[in-house]
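Chemist: Take a look at final.txt, compact mmCIF, C-alpha atoms:
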# COMPACT_ATOMS: atom_id res chain seq x y z
CA MET A 1 259.83 -132.44 -21.91
CA THR A 2 256.84 -130.13 -21.82
CA SER A 3 259.04 -127.40 -20.37
CA SER A 4 261.69 -127.97 -23.06
CA ARG A 5 259.01 -127.84 -25.73
CA ARG A 6 257.73 -124.48 -24.50
CA ILE A 7 261.22 -122.98 -24.34
CA VAL A 8 262.26 -124.21 -27.82
CA THR A 9 258.97 -123.11 -29.38
CA ARG A 10 259.27 -119.65 -27.86
CA ILE A 11 262.87 -119.29 -29.05
CA LEU A 12 261.97 -120.30 -32.59
CA ARG A 13 259.00 -117.95 -32.70
CA ILE A 14 261.14 -115.03 -31.55
CA TYR A 15 263.86 -116.05 -34.02
CA TRP A 16 261.46 -115.93 -36.97
CA VAL A 17 259.97 -112.59 -35.98
CA VAL A 18 263.44 -111.03 -35.72
CA LEU A 19 264.65 -112.72 -38.92
CA LEU A 20 261.69 -111.48 -40.97
CA LEU A 21 261.91 -107.95 -39.61
CA ILE A 22 265.59 -107.86 -40.56
CA GLY A 23 265.13 -109.51 -43.96
CA GLU A 24 262.07 -107.55 -45.07
CA ILE A 25 262.72 -104.13 -43.55
CA GLY A 26 265.99 -103.86 -41.65
CA LEU A 27 268.37 -104.79 -44.47
CA TYR A 28 266.76 -102.31 -46.85
CA ARG A 29 267.02 -99.47 -44.34
CA TRP A 30 270.60 -100.42 -43.50
CA HIS A 31 271.82 -100.61 -47.11
CA ILE A 32 270.28 -97.27 -48.08
CA SER A 33 271.28 -95.58 -44.81
CA ARG A 34 274.92 -96.61 -45.08
CA CYS A 35 275.31 -95.22 -48.62
CA LYS A 36 275.27 -91.49 -48.04
CA TRP A 37 275.28 -88.60 -50.49
CA PRO A 38 278.76 -87.99 -51.91
CA SER A 39 279.40 -84.73 -50.14
CA ARG A 40 282.14 -84.42 -47.58
CA GLU A 41 281.41 -82.33 -44.50
CA LYS A 42 283.76 -79.51 -45.51
CA LEU A 43 282.12 -79.28 -48.93
CA ALA A 44 278.66 -79.34 -47.41
CA GLU A 45 279.52 -76.52 -45.03
CA ALA A 46 281.03 -74.43 -47.82
CA SER A 47 278.10 -75.07 -50.17
CA PRO A 48 274.84 -75.54 -48.26
CA ASP A 49 272.79 -75.01 -51.44
CA PHE A 50 273.95 -78.20 -53.21
CA VAL A 51 271.37 -80.40 -54.95
CA HIS A 52 270.94 -84.14 -54.59
CA VAL A 53 269.93 -86.27 -57.59
CA ALA A 54 269.30 -90.02 -57.49
CA ILE A 55 269.90 -92.07 -60.65
CA VAL A 56 267.87 -95.24 -61.23
CA ALA A 57 268.64 -97.47 -64.20
CA ASP A 58 266.61 -100.22 -65.83
CA PRO A 59 263.71 -100.90 -63.44
CA GLN A 60 262.45 -103.15 -66.25
CA ILE A 61 259.50 -104.45 -64.26
CA VAL A 62 258.92 -108.14 -64.95
CA ASP A 63 255.98 -109.04 -67.17
CA HIS A 64 254.86 -111.83 -69.50
CA TYR A 65 257.51 -110.79 -72.02
CA SER A 66 260.33 -111.41 -69.51
CA TYR A 67 260.13 -115.18 -69.09
CA ARG A 68 257.04 -116.07 -71.15
CA GLN A 69 255.21 -116.96 -67.96
CA SER A 70 251.49 -116.63 -67.33
CA GLY A 71 248.83 -117.29 -64.72
CA LEU A 72 249.73 -117.86 -61.08
CA LEU A 73 253.45 -118.29 -61.79
CA LEU A 74 253.64 -114.89 -63.48
CA ARG A 75 251.68 -113.24 -60.66
CA THR A 76 254.05 -114.77 -58.10
CA VAL A 77 257.17 -113.60 -59.93
CA GLU A 78 255.69 -110.12 -60.41
CA PHE A 79 254.78 -109.89 -56.73
CA PHE A 80 258.24 -110.74 -55.39
CA THR A 81 260.10 -108.57 -57.91
CA ASP A 82 257.68 -105.68 -57.40
CA ILE A 83 257.90 -105.68 -53.62
CA TYR A 84 261.71 -105.47 -53.84
CA ILE A 85 261.48 -102.37 -56.04
CA ARG A 86 258.71 -100.86 -53.91
CA LYS A 87 260.69 -101.22 -50.68
CA SER A 88 263.95 -99.99 -52.18
CA TYR A 89 262.42 -96.89 -53.76
CA ARG A 90 260.39 -96.15 -50.64
CA PHE A 91 263.48 -96.07 -48.43
CA LEU A 92 265.48 -94.21 -51.08
CA GLN A 93 262.98 -91.38 -50.83
CA THR A 94 262.40 -91.36 -47.08
CA ILE A 95 266.04 -91.80 -46.05
CA ARG A 96 267.96 -89.99 -48.79
CA ASN A 97 265.37 -87.32 -49.69
CA PRO A 98 266.58 -86.57 -53.25
CA SER A 99 265.57 -83.35 -54.97
CA ALA A 100 265.27 -85.21 -58.28
CA VAL A 101 265.30 -88.76 -59.60
CA ILE A 102 266.39 -89.58 -63.15
CA PHE A 103 265.33 -92.93 -64.61
CA LEU A 104 267.70 -94.10 -67.35
CA GLY A 105 265.15 -96.05 -69.38
CA ASP A 106 263.77 -99.59 -69.72
CA LEU A 107 260.86 -98.79 -67.44
CA MET A 108 259.08 -102.00 -68.47
CA ASP A 109 260.42 -105.20 -69.97
CA GLY A 110 257.99 -105.66 -72.83
CA GLY A 111 256.81 -102.09 -73.28
CA ARG A 112 257.52 -101.81 -76.99
CA GLU A 113 255.71 -105.11 -77.68
CA TRP A 114 252.44 -104.38 -75.89
CA THR A 115 249.11 -103.27 -77.24
CA ASP A 116 247.80 -100.02 -75.79
CA GLU A 117 245.51 -101.88 -73.39
CA VAL A 118 248.29 -104.01 -71.92
CA TRP A 119 250.78 -101.13 -71.95
CA HIS A 120 248.47 -98.84 -69.92
CA LYS A 121 247.93 -101.59 -67.37
CA GLU A 122 251.67 -102.16 -67.01
CA TYR A 123 252.40 -98.45 -66.89
CA GLU A 124 249.94 -98.03 -64.01
CA ARG A 125 251.78 -100.83 -62.25
CA TYR A 126 255.06 -99.02 -62.86
CA LYS A 127 253.71 -95.76 -61.43
CA ASN A 128 252.38 -97.58 -58.36
CA LEU A 129 255.86 -98.97 -57.70
CA PHE A 130 257.62 -95.62 -58.14
CA VAL A 131 255.23 -93.39 -56.25
CA ASN A 132 256.54 -89.87 -55.70
CA ARG A 133 255.93 -89.33 -52.00
CA SER A 134 257.03 -85.67 -52.13
CA PRO A 135 255.74 -84.28 -55.46
CA GLN A 136 256.08 -80.67 -54.30
CA ARG A 137 259.76 -81.08 -53.52
CA MET A 138 261.04 -83.96 -55.66
CA ARG A 139 260.95 -84.08 -59.46
CA THR A 140 261.21 -87.26 -61.53
CA TYR A 141 262.39 -87.63 -65.14
CA ASP A 142 261.82 -90.79 -67.22
CA MET A 143 264.08 -91.60 -70.15
CA ALA A 144 263.19 -94.18 -72.78
CA GLY A 145 265.01 -97.49 -73.15
CA ASN A 146 265.17 -100.02 -75.93
CA HIS A 147 262.61 -102.15 -74.07
CA ASP A 148 260.28 -99.15 -74.13
CA ILE A 149 260.53 -97.99 -77.75
CA GLY A 150 263.15 -100.12 -79.55
CA ILE A 151 266.52 -99.00 -80.86
CA GLY A 152 268.05 -97.68 -84.08
CA ASN A 153 266.19 -98.67 -87.23
CA THR A 154 264.00 -101.04 -85.23
CA VAL A 155 262.41 -98.28 -83.12
CA VAL A 156 258.66 -98.94 -82.96
CA PRO A 157 256.97 -95.69 -84.12
CA HIS A 158 253.76 -96.31 -82.19
CA ALA A 159 255.68 -97.15 -79.01
CA LEU A 160 257.71 -93.94 -79.40
CA GLU A 161 254.58 -91.85 -79.95
CA ARG A 162 252.89 -93.49 -76.97
CA PHE A 163 255.91 -92.78 -74.76
CA HIS A 164 255.87 -89.11 -75.77
CA LYS A 165 252.15 -88.84 -75.09
CA TYR A 166 251.88 -90.56 -71.72
CA VAL A 167 255.37 -90.57 -70.19
CA GLY A 168 257.10 -87.48 -71.52
CA PRO A 169 259.67 -86.22 -74.03
CA THR A 170 262.59 -88.47 -74.78
CA ASN A 171 264.95 -85.48 -75.19
CA GLN A 172 265.31 -82.87 -72.46
CA VAL A 173 267.83 -80.36 -71.17
CA LEU A 174 267.42 -79.55 -67.48
CA ASN A 175 269.10 -76.80 -65.52
CA ILE A 176 269.78 -78.03 -62.02
CA ALA A 177 272.22 -76.29 -59.67
CA ASP A 178 273.92 -74.47 -62.57
CA HIS A 179 274.45 -77.74 -64.44
CA GLU A 180 273.10 -78.70 -67.85
CA ILE A 181 271.52 -82.11 -67.38
CA ILE A 182 271.15 -83.50 -70.91
CA LEU A 183 268.71 -86.40 -71.25
CA LEU A 184 269.48 -87.53 -74.79
CA ASP A 185 267.50 -90.13 -76.71
CA THR A 186 270.36 -92.02 -78.35
CA LEU A 187 267.96 -94.81 -79.33
CA THR A 188 266.35 -92.76 -82.10
CA LEU A 189 269.61 -90.94 -82.87
CA GLU A 190 270.82 -93.96 -84.81
CA ASN A 191 267.58 -94.33 -86.80
CA ASP A 192 267.79 -93.57 -90.54
CA ASN A 193 264.25 -92.19 -90.68
CA PRO A 194 264.41 -88.38 -90.19
CA GLN A 195 260.89 -88.33 -88.77
CA VAL A 196 262.09 -90.57 -85.96
CA SER A 197 265.59 -89.18 -85.35
CA ASN A 198 265.07 -85.48 -86.09
CA SER A 199 264.45 -84.44 -82.47
CA SER A 200 267.65 -86.09 -81.21
CA HIS A 201 269.79 -84.71 -84.06
CA GLN A 202 268.46 -81.21 -83.50
CA LEU A 203 269.33 -81.33 -79.79
CA VAL A 204 272.88 -82.50 -80.52
CA GLN A 205 273.31 -79.75 -83.11
CA GLN A 206 271.95 -77.13 -80.72
CA LEU A 207 274.31 -78.21 -77.97
CA SER A 208 277.22 -78.20 -80.41
CA GLU A 209 276.55 -74.63 -81.46
CA ASP A 210 275.82 -73.30 -77.97
CA ARG A 211 279.22 -73.08 -76.28
CA SER A 212 278.71 -69.68 -74.69
CA GLY A 213 277.83 -70.91 -71.24
CA ASP A 214 280.29 -72.22 -68.71
CA LYS A 215 277.88 -74.59 -67.01
CA PRO A 216 279.09 -78.16 -66.52
CA ARG A 217 277.35 -80.59 -68.84
CA LEU A 218 276.24 -84.02 -67.70
CA LEU A 219 275.07 -86.32 -70.48
CA PHE A 220 272.53 -89.07 -69.74
CA THR A 221 272.02 -91.85 -72.31
CA HIS A 222 270.32 -95.22 -72.03
CA VAL A 223 272.88 -97.12 -74.11
CA PRO A 224 276.56 -96.83 -73.06
CA MET A 225 279.16 -95.20 -75.25
CA SER A 226 281.45 -97.19 -77.51
CA ARG A 227 284.91 -98.08 -76.20
CA PRO A 228 287.82 -100.31 -77.26
CA ASP A 229 287.16 -104.02 -76.83
CA GLY A 230 288.11 -105.37 -73.43
CA THR A 231 288.20 -101.98 -71.68
CA TYR A 232 288.27 -102.66 -67.92
CA CYS A 233 285.09 -101.57 -66.13
CA GLY A 234 286.46 -101.24 -62.61
CA SER A 235 286.23 -103.21 -59.39
CA GLU A 236 282.53 -102.54 -58.75
CA ARG A 237 281.44 -104.66 -61.70
CA GLN A 238 279.83 -107.90 -60.47
CA SER A 239 280.01 -109.96 -63.65
CA LYS A 240 282.92 -112.31 -64.20
CA ILE A 241 283.41 -110.47 -67.49
CA LYS A 242 285.11 -107.29 -66.31
CA PHE A 243 284.45 -105.35 -69.50
CA LEU A 244 281.35 -104.23 -71.35
CA PRO A 245 280.60 -106.57 -74.29
CA ASN A 246 279.70 -105.20 -77.70
CA ARG A 247 276.89 -107.52 -78.77
CA ARG A 248 273.94 -106.80 -81.01
CA GLY A 249 270.66 -108.61 -81.40
CA TYR A 250 266.92 -108.20 -81.68
CA GLN A 251 266.09 -104.73 -80.33
CA PHE A 252 269.27 -104.41 -78.29
CA ARG A 253 272.82 -103.13 -78.61
CA ASP A 254 275.40 -103.15 -75.80
CA GLN A 255 277.12 -100.00 -77.04
CA LEU A 256 276.44 -97.08 -79.34
CA PHE A 257 278.22 -97.09 -82.67
CA ALA A 258 281.76 -95.73 -82.54
CA ASN A 259 280.99 -92.84 -84.89
CA THR A 260 277.94 -91.86 -82.81
CA THR A 261 280.08 -91.87 -79.67
CA LEU A 262 282.79 -89.69 -81.21
CA ARG A 263 280.22 -87.23 -82.54
CA LEU A 264 278.44 -86.90 -79.17
CA LEU A 265 281.64 -86.42 -77.20
CA ASP A 266 282.92 -83.83 -79.67
CA ALA A 267 279.64 -81.93 -80.00
CA ILE A 268 278.51 -81.91 -76.36
CA ARG A 269 281.86 -82.16 -74.55
CA PRO A 270 280.24 -83.54 -71.40
CA ASN A 271 281.93 -83.33 -68.03
CA ALA A 272 280.51 -86.77 -67.28
CA VAL A 273 278.32 -89.39 -68.95
CA PHE A 274 275.73 -91.55 -67.21
CA SER A 275 274.32 -94.66 -68.90
CA GLY A 276 272.34 -97.80 -68.12
CA ASP A 277 271.14 -100.78 -70.19
CA ASP A 278 273.95 -103.19 -69.19
CA HIS A 279 272.41 -103.96 -65.73
CA ASP A 280 275.92 -103.96 -64.23
CA SER A 281 278.35 -101.26 -63.12
CA CYS A 282 281.10 -99.92 -65.34
CA THR A 283 283.38 -96.88 -65.16
CA VAL A 284 285.52 -95.86 -68.14
CA GLU A 285 287.36 -92.81 -69.40
CA HIS A 286 286.67 -91.36 -72.86
CA GLN A 287 288.90 -89.06 -74.85
CA ILE A 288 287.29 -85.90 -76.28
CA LEU A 289 289.36 -85.34 -79.39
CA SER A 290 288.24 -81.76 -80.07
CA SER A 291 289.31 -80.51 -76.64
CA GLN A 292 292.02 -83.04 -75.76
CA ASN A 293 290.18 -83.61 -72.47
CA THR A 294 288.81 -86.77 -70.96
CA THR A 295 285.41 -87.48 -69.49
CA THR A 296 284.23 -90.30 -67.24
CA GLU A 297 281.27 -92.50 -68.09
CA TYR A 298 279.37 -94.14 -65.23
CA THR A 299 277.21 -97.08 -66.26
CA ILE A 300 274.66 -97.65 -63.49
CA GLY A 301 273.46 -101.14 -62.55
CA ALA A 302 269.81 -102.22 -62.71
CA PHE A 303 267.44 -101.38 -59.86
CA GLY A 304 265.70 -104.78 -59.78
CA TRP A 305 266.98 -108.10 -58.42
CA ALA A 306 265.75 -110.26 -61.34
CA SER A 307 267.90 -108.55 -63.97
CA GLY A 308 270.69 -111.12 -64.28
CA VAL A 309 273.02 -109.32 -61.85
CA PRO A 310 273.19 -110.63 -58.25
CA ILE A 311 272.94 -107.28 -56.46
CA ALA A 312 270.81 -104.36 -57.63
CA SER A 313 272.19 -100.83 -57.47
CA TYR A 314 271.62 -97.13 -58.13
CA ALA A 315 273.69 -93.94 -57.97
CA LEU A 316 273.70 -90.73 -55.95
CA LEU A 317 274.79 -87.48 -57.55
CA THR A 318 275.56 -84.27 -55.67
CA LEU A 319 275.61 -81.06 -57.74
CA TYR A 320 277.34 -77.88 -56.56
CA PRO A 321 276.17 -74.55 -58.04
CA ARG A 322 278.63 -71.96 -59.34
CA THR A 323 278.13 -69.88 -56.19
CA SER A 324 279.78 -72.62 -54.17
CA LYS A 325 283.07 -71.96 -52.47
CA VAL A 326 284.35 -75.36 -53.52
CA ASP A 327 286.27 -76.57 -56.52
CA ALA A 328 284.10 -79.66 -57.09
CA GLN A 329 281.28 -79.35 -59.61
CA PHE A 330 279.65 -82.66 -58.79
CA GLN A 331 280.31 -85.92 -57.00
CA VAL A 332 279.05 -89.42 -57.79
CA ARG A 333 278.63 -92.50 -55.64
CA ARG A 334 277.27 -95.93 -56.49
CA CYS A 335 275.06 -97.66 -53.94
CA PHE A 336 274.02 -101.28 -53.67
CA LEU A 337 270.75 -102.78 -52.49
CA PRO A 338 270.20 -106.03 -50.53
CA TYR A 339 271.04 -109.36 -52.14
CA GLN A 340 267.50 -110.68 -52.41
CA LEU A 341 268.39 -114.26 -53.38
CA GLY A 342 270.68 -114.37 -50.35
CA ILE A 343 267.77 -113.34 -48.13
CA TYR A 344 265.63 -116.15 -49.52
CA GLU A 345 268.48 -118.61 -49.06
CA VAL A 346 268.68 -117.63 -45.38
CA TYR A 347 264.92 -118.15 -45.08
CA VAL A 348 265.17 -121.64 -46.59
CA ALA A 349 268.14 -122.58 -44.38
CA SER A 350 266.33 -121.25 -41.30
CA PHE A 351 263.21 -123.22 -42.16
CA ALA A 352 265.27 -126.40 -42.56
CA MET A 353 266.98 -125.69 -39.23
CA SER A 354 263.60 -125.18 -37.56
CA LEU A 355 262.32 -128.48 -38.94
CA LEU A 356 265.43 -130.28 -37.67
CA VAL A 357 265.28 -128.75 -34.17
CA VAL A 358 261.58 -129.51 -33.79
CA ALA A 359 262.05 -133.05 -35.14
CA VAL A 360 264.84 -133.79 -32.62
CA LEU A 361 262.74 -132.35 -29.79
CA CYS A 362 259.70 -134.42 -30.75
CA TYR A 363 261.79 -137.55 -31.33
CA ARG A 364 263.14 -137.40 -27.81
CA GLY A 365 259.70 -136.76 -26.39
CA SER A 366 258.12 -139.69 -28.27
CA HIS A 367 260.51 -142.35 -26.94
CA SER A 368 260.03 -144.23 -23.67
CA TYR A 369 262.31 -146.82 -22.03
CA HIS A 370 261.09 -149.99 -20.29
CA PRO A 371 263.72 -151.29 -17.77
CA ALA A 372 265.06 -154.89 -17.82
CA ALA A 373 263.20 -157.62 -15.80
CA LEU A 374 265.07 -160.34 -13.78
CA TYR A 375 263.40 -163.43 -12.34
CA SER A 376 264.15 -167.14 -11.61
CA GLN A 377 262.40 -170.05 -13.19
CA ILE A 378 262.48 -173.04 -10.86
CA ASN A 379 261.53 -176.65 -11.54
CA ARG A 380 261.42 -175.91 -15.20
CA GLY A 381 260.88 -179.55 -15.84
CA SER A 382 257.79 -179.75 -13.58
CA SER A 383 254.70 -178.31 -15.08
CA ASP A 384 252.72 -178.38 -11.82
CA ALA A 385 255.33 -176.73 -9.58
CA PRO A 386 254.30 -173.44 -8.03
CA GLU A 387 255.63 -170.37 -9.80
CA CYS A 388 257.39 -168.93 -6.75
CA GLU A 389 258.55 -171.78 -4.56
CA ARG A 390 261.40 -171.59 -2.03
CA HIS A 391 263.93 -174.44 -2.12
CA LEU A 392 266.92 -175.27 -0.01
CA VAL A 393 269.89 -175.96 -2.11
CA ASP A 394 272.65 -178.23 -0.87
CA PHE A 395 275.76 -176.50 -2.14
CA SER A 396 277.94 -179.42 -1.00
CA SER A 397 276.10 -181.81 -3.27
CA PRO A 398 277.63 -181.97 -6.73
CA SER A 399 274.25 -182.75 -8.17
CA SER A 400 272.62 -179.63 -6.80
CA SER A 401 272.41 -176.43 -8.88
CA LEU A 402 271.17 -172.86 -8.57
CA PRO A 403 268.03 -171.89 -10.44
CA LEU A 404 268.84 -170.25 -13.76
CA PRO A 405 267.99 -166.49 -13.99
CA VAL A 406 266.01 -165.29 -16.97
CA VAL A 407 266.71 -161.69 -18.02
CA THR A 408 264.33 -159.69 -20.19
CA PRO A 409 266.36 -156.75 -21.72
CA GLY A 410 265.13 -153.14 -21.51
CA LYS A 411 263.24 -151.78 -24.49
CA TRP A 412 262.85 -148.39 -26.20
CA SER A 413 259.45 -147.80 -27.70
CA PHE A 414 258.67 -145.08 -30.28
CA ASN A 415 255.25 -143.52 -30.44
CA LYS A 416 254.98 -142.57 -34.10
CA ARG A 417 251.56 -141.01 -33.75
CA GLY A 418 252.69 -138.96 -30.78
CA PHE A 419 255.78 -137.79 -32.69
CA PHE A 420 253.82 -136.43 -35.62
CA ALA A 421 251.21 -134.88 -33.36
CA GLN A 422 253.89 -132.99 -31.40
CA PHE A 423 255.81 -132.05 -34.56
CA LEU A 424 252.77 -130.60 -36.30
CA SER A 425 251.62 -128.82 -33.17
CA ILE A 426 254.97 -127.05 -32.62
CA MET A 427 255.39 -126.13 -36.29
CA LYS A 428 251.86 -124.75 -36.31
CA GLU A 429 252.70 -122.51 -33.35
CA ILE A 430 255.81 -121.21 -35.16
CA ILE A 431 254.07 -120.70 -38.50
CA CYS A 432 251.14 -118.93 -36.85
CA VAL A 433 253.64 -116.26 -35.75
CA ALA A 434 255.99 -116.20 -38.76
CA VAL A 435 253.37 -115.89 -41.51
CA PRO A 436 251.46 -112.95 -39.95
CA THR A 437 254.80 -111.23 -39.29
CA TYR A 438 255.77 -111.63 -42.96
CA ILE A 439 252.39 -110.37 -44.14
CA LEU A 440 252.60 -107.34 -41.84
CA CYS A 441 256.09 -106.52 -43.09
CA LEU A 442 254.90 -106.52 -46.70
CA SER A 443 251.61 -104.76 -45.91
CA TYR A 444 253.56 -101.85 -44.46
CA PHE A 445 254.79 -100.93 -47.94
CA TYR A 446 251.32 -101.09 -49.45
CA VAL A 447 249.26 -99.46 -46.71
CA CYS A 448 251.59 -96.79 -45.30
Please express the file's structure as structure tokens.

Modeler:
Amino acid sequence: MTSSRRIVTRILRIYWVVLLLIGEIGLYRWHISRCKWPSREKLAEASPDFVHVAIVADPQIVDHYSYRQSGLLLRTVEFFTDIYIRKSYRFLQTIRNPSAVIFLGDLMDGGREWTDEVWHKEYERYKNLFVNRSPQRMRTYDMAGNHDIGIGNTVVPHALERFHKYVGPTNQVLNIADHEIILLDTLTLENDNPQVSNSSHQLVQQLSEDRSGDKPRLLFTHVPMSRPDGTYCGSERQSKIKFLPNRRGYQFRDQLFANTTLRLLDAIRPNAVFSGDDHDSCTVEHQILSSQNTTTEYTIGAFGWASGVPIASYALLTLYPRTSKVDAQFQVRRCFLPYQLGIYEVYVASFAMSLLVVAVLCYRGSHSYHPAALYSQINRGSSDAPECERHLVDFSSPSSSLPLPVVTPGKWSFNKRGFFAQFLSIMKEIICVAVPTYILCLSYFYVC
């Protein structure tokens, strides 16, 4: 049994090392590696100067505002949600090497609610998660979300001012690969206070008047555009509800107002629209009435795994400059990250399997069998007869009889103390390998 114990222990230790390496590193590399930039080989050869842009929506890092947690429980939730984002963004940079990353808002969950002291602490945490590992080559652009500054007439003026001061402008027009990348703050656009909404209205007016260029326009907005109720979102949507709801509540709105949507489409005439906020994927077509054209809106899913959608996602955008010898102006592809809850479920199932295997092994090793005993008891009626006395038996005599055999049955005995000692010893050997492996896997993303 000692040999069996060594073999089983070694197998389980190797199993846990491999399982943790796959679950904590391998799956992340595989998911990001398999989702390549949307550029076919022929297009890439014809246009070697294309630009790659990654789109990340709703990081919405978990904080006290998310679930009203505090203390050790909050720290635990923050740790496991943060490490998921850290690993995903790390591999997105090292494997995909984007030239730019656009964040579609909701950087933090309770940003608009925090005092300056708490907000700065959370913002430092956000920056530590989304570290730019190639600042000389890769640019990042942060848009505001309703969790950052509020929305419409409930925009928090101090939160908006703080965002402008420490994060950046909420309205920008970028020129990337002969494309106009319009980062529009539609949150303040629907505010009735001119001091709050003036910047957004001025940008829309400027874009409406400037129609001289022939650059493709890509509009980025945190809140999705309005659409008819029940409009199908496409097969990539994970929710059972296959359309984008149109709900409104405290500091949130699922869609922009219909009149705002019509005005933006008519004034900007975007070639495509990119939005976030919903945490799930959605693709719809919008009609531009002034030009009788249509444009596609891509709603990008949330980047974190605790956002109410099973699988986190992001998008890859390839831009082709006007000098390209290709007809395509841009290409879009959605990508999905590992299913984190599924990984934890595999860990739990594997731990239960390990307990069962070790318990069976120790149970067998803690049992011993005592064989049956057979002997004859002679002269049972005589108390002074010798224990082992030989007698001649007259088989012809009807009164004679054979001595009666007494059989003691075999017994199984269970050593309870030995079972628990073996069980704890083997589990200790497995845990002493699995825990350091897990810690090393996580440390890699903090140290390297």

Chemist: Please determine, counting all atoms listed in the file, which residue among A:Lys87, A:Arg253, A:His64, A:Arg5 has the shortest atom-to-atom distance to Gly145 of chain A.

Modeler: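 Of the candidates, the smallest distance to Gly145 of chain A is held by A:Arg253.
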
Chemist: Could you build a table of the residues in segment 241-355 of chain A lying no more than 9 Å from segment 20-33 of chain A, giving for each the nearest pair of atoms and their separation in Å rounded to one decimal place, using all atoms listed in the file, ordered by chain and ascending residue number, as a Markdown table?

Modeler:
| residue | atom | partner | partner_atom | distance |
| --- | --- | --- | --- | --- |
| A:Cys335 | CA | A:Ile32 | CA | 7.6 |
| A:Phe336 | CA | A:His31 | CA | 7.0 |
| A:Leu337 | CA | A:His31 | CA | 5.9 |
| A:Pro338 | CA | A:Tyr28 | CA | 6.3 |
| A:Gln340 | CA | A:Gly23 | CA | 8.9 |
| A:Ile343 | CA | A:Gly23 | CA | 6.2 |
| A:Tyr344 | CA | A:Gly23 | CA | 8.7 |
| A:Val346 | CA | A:Gly23 | CA | 9.0 |
| A:Tyr347 | CA | A:Leu20 | CA | 8.5 |

Chemist: Could you state the separation of atom CA of Tyr446 of chain A and atom CA of Val309 of chain A in Å, given to one decimal place?

Modeler: 26.3 Å

Chemist: Show which residues sit within 9 Å of segment 429-433 of chain A, as a list in words. Count all atoms listed in the file, and ignore same-chain residues fewer than 3 positions away.

Modeler: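 That gives Thr9, Arg10, Leu12, Arg13, Ile14, Trp16, Val17, Leu424, Ser425, Ile426, Pro436, Thr437 and Tyr438 of chain A.
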
Chemist: Write out as AutoDock Vina command-line options an axis-aligned box for segment 312-325 of chain A: all of its atoms listed in the file, 4 Å added on each side, centre and edge lengths in Å with one decimal.

Modeler:
--center_x 276.9 --center_y -87.1 --center_z -55.9 --size_x 20.3 --size_y 42.5 --size_z 14.9

Chemist: Extract, using only C-alpha atoms, all DNA, RNA and protein residues at most 12 Å from Thr81 of chain A, discarding same-chain residues fewer than 2 positions from it, and format them as a list in words.

Modeler: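 Residues meeting the cut-off are Pro59, Gln60, Ile61, Val62, Asp63, Ser66, Leu74, Arg75, Thr76, Val77, Glu78, Phe79, Ile83, Tyr84, Ile85, Arg86, Lys87, Ser88, Tyr126, Leu129, Phe303, Gly304, Trp305, Ala306, Ser307, Ala312, Gln340 and Leu341 of chain A.
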
Chemist: Please return segment 420-431 of chain A, rebuilt to N, CA and C atoms, as a PDB file, in the coordinates of the input.

Modeler:
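For reference, part-v7.pdb as written:
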ATOM      1  N   PHE A 420     254.390-137.314 -34.601  1.00  0.00           N
ATOM      2  CA  PHE A 420     253.820-136.430 -35.620  1.00  0.00           C
ATOM      3  C   PHE A 420     252.854-135.426 -35.026  1.00  0.00           C
ATOM      4  N   ALA A 421     252.136-135.815 -34.000  1.00  0.00           N
ATOM      5  CA  ALA A 421     251.210-134.880 -33.360  1.00  0.00           C
ATOM      6  C   ALA A 421     251.972-133.717 -32.725  1.00  0.00           C
ATOM      7  N   GLN A 422     253.069-134.043 -32.009  1.00  0.00           N
ATOM      8  CA  GLN A 422     253.890-132.990 -31.400  1.00  0.00           C
ATOM      9  C   GLN A 422     254.554-132.127 -32.470  1.00  0.00           C
ATOM     10  N   PHE A 423     255.094-132.772 -33.503  1.00  0.00           N
ATOM     11  CA  PHE A 423     255.810-132.050 -34.560  1.00  0.00           C
ATOM     12  C   PHE A 423     254.884-131.047 -35.242  1.00  0.00           C
ATOM     13  N   LEU A 424     253.710-131.486 -35.622  1.00  0.00           N
ATOM     14  CA  LEU A 424     252.770-130.600 -36.300  1.00  0.00           C
ATOM     15  C   LEU A 424     252.276-129.495 -35.376  1.00  0.00           C
ATOM     16  N   SER A 425     252.105-129.819 -34.129  1.00  0.00           N
ATOM     17  CA  SER A 425     251.620-128.820 -33.170  1.00  0.00           C
ATOM     18  C   SER A 425     252.646-127.698 -32.981  1.00  0.00           C
ATOM     19  N   ILE A 426     253.928-128.072 -32.829  1.00  0.00           N
ATOM     20  CA  ILE A 426     254.970-127.050 -32.620  1.00  0.00           C
ATOM     21  C   ILE A 426     255.168-126.219 -33.880  1.00  0.00           C
ATOM     22  N   MET A 427     255.211-126.878 -35.039  1.00  0.00           N
ATOM     23  CA  MET A 427     255.390-126.130 -36.290  1.00  0.00           C
ATOM     24  C   MET A 427     254.211-125.194 -36.537  1.00  0.00           C
ATOM     25  N   LYS A 428     253.034-125.618 -36.155  1.00  0.00           N
ATOM     26  CA  LYS A 428     251.860-124.750 -36.310  1.00  0.00           C
ATOM     27  C   LYS A 428     252.010-123.498 -35.451  1.00  0.00           C
ATOM     28  N   GLU A 429     252.502-123.664 -34.228  1.00  0.00           N
ATOM     29  CA  GLU A 429     252.700-122.510 -33.350  1.00  0.00           C
ATOM     30  C   GLU A 429     253.726-121.542 -33.941  1.00  0.00           C
ATOM     31  N   ILE A 430     254.781-122.073 -34.565  1.00  0.00           N
ATOM     32  CA  ILE A 430     255.810-121.210 -35.160  1.00  0.00           C
ATOM     33  C   ILE A 430     255.268-120.513 -36.402  1.00  0.00           C
ATOM     34  N   ILE A 431     254.594-121.273 -37.259  1.00  0.00           N
ATOM     35  CA  ILE A 431     254.070-120.700 -38.500  1.00  0.00           C
ATOM     36  C   ILE A 431     253.005-119.658 -38.222  1.00  0.00           C
TER      37      ILE A 431
END
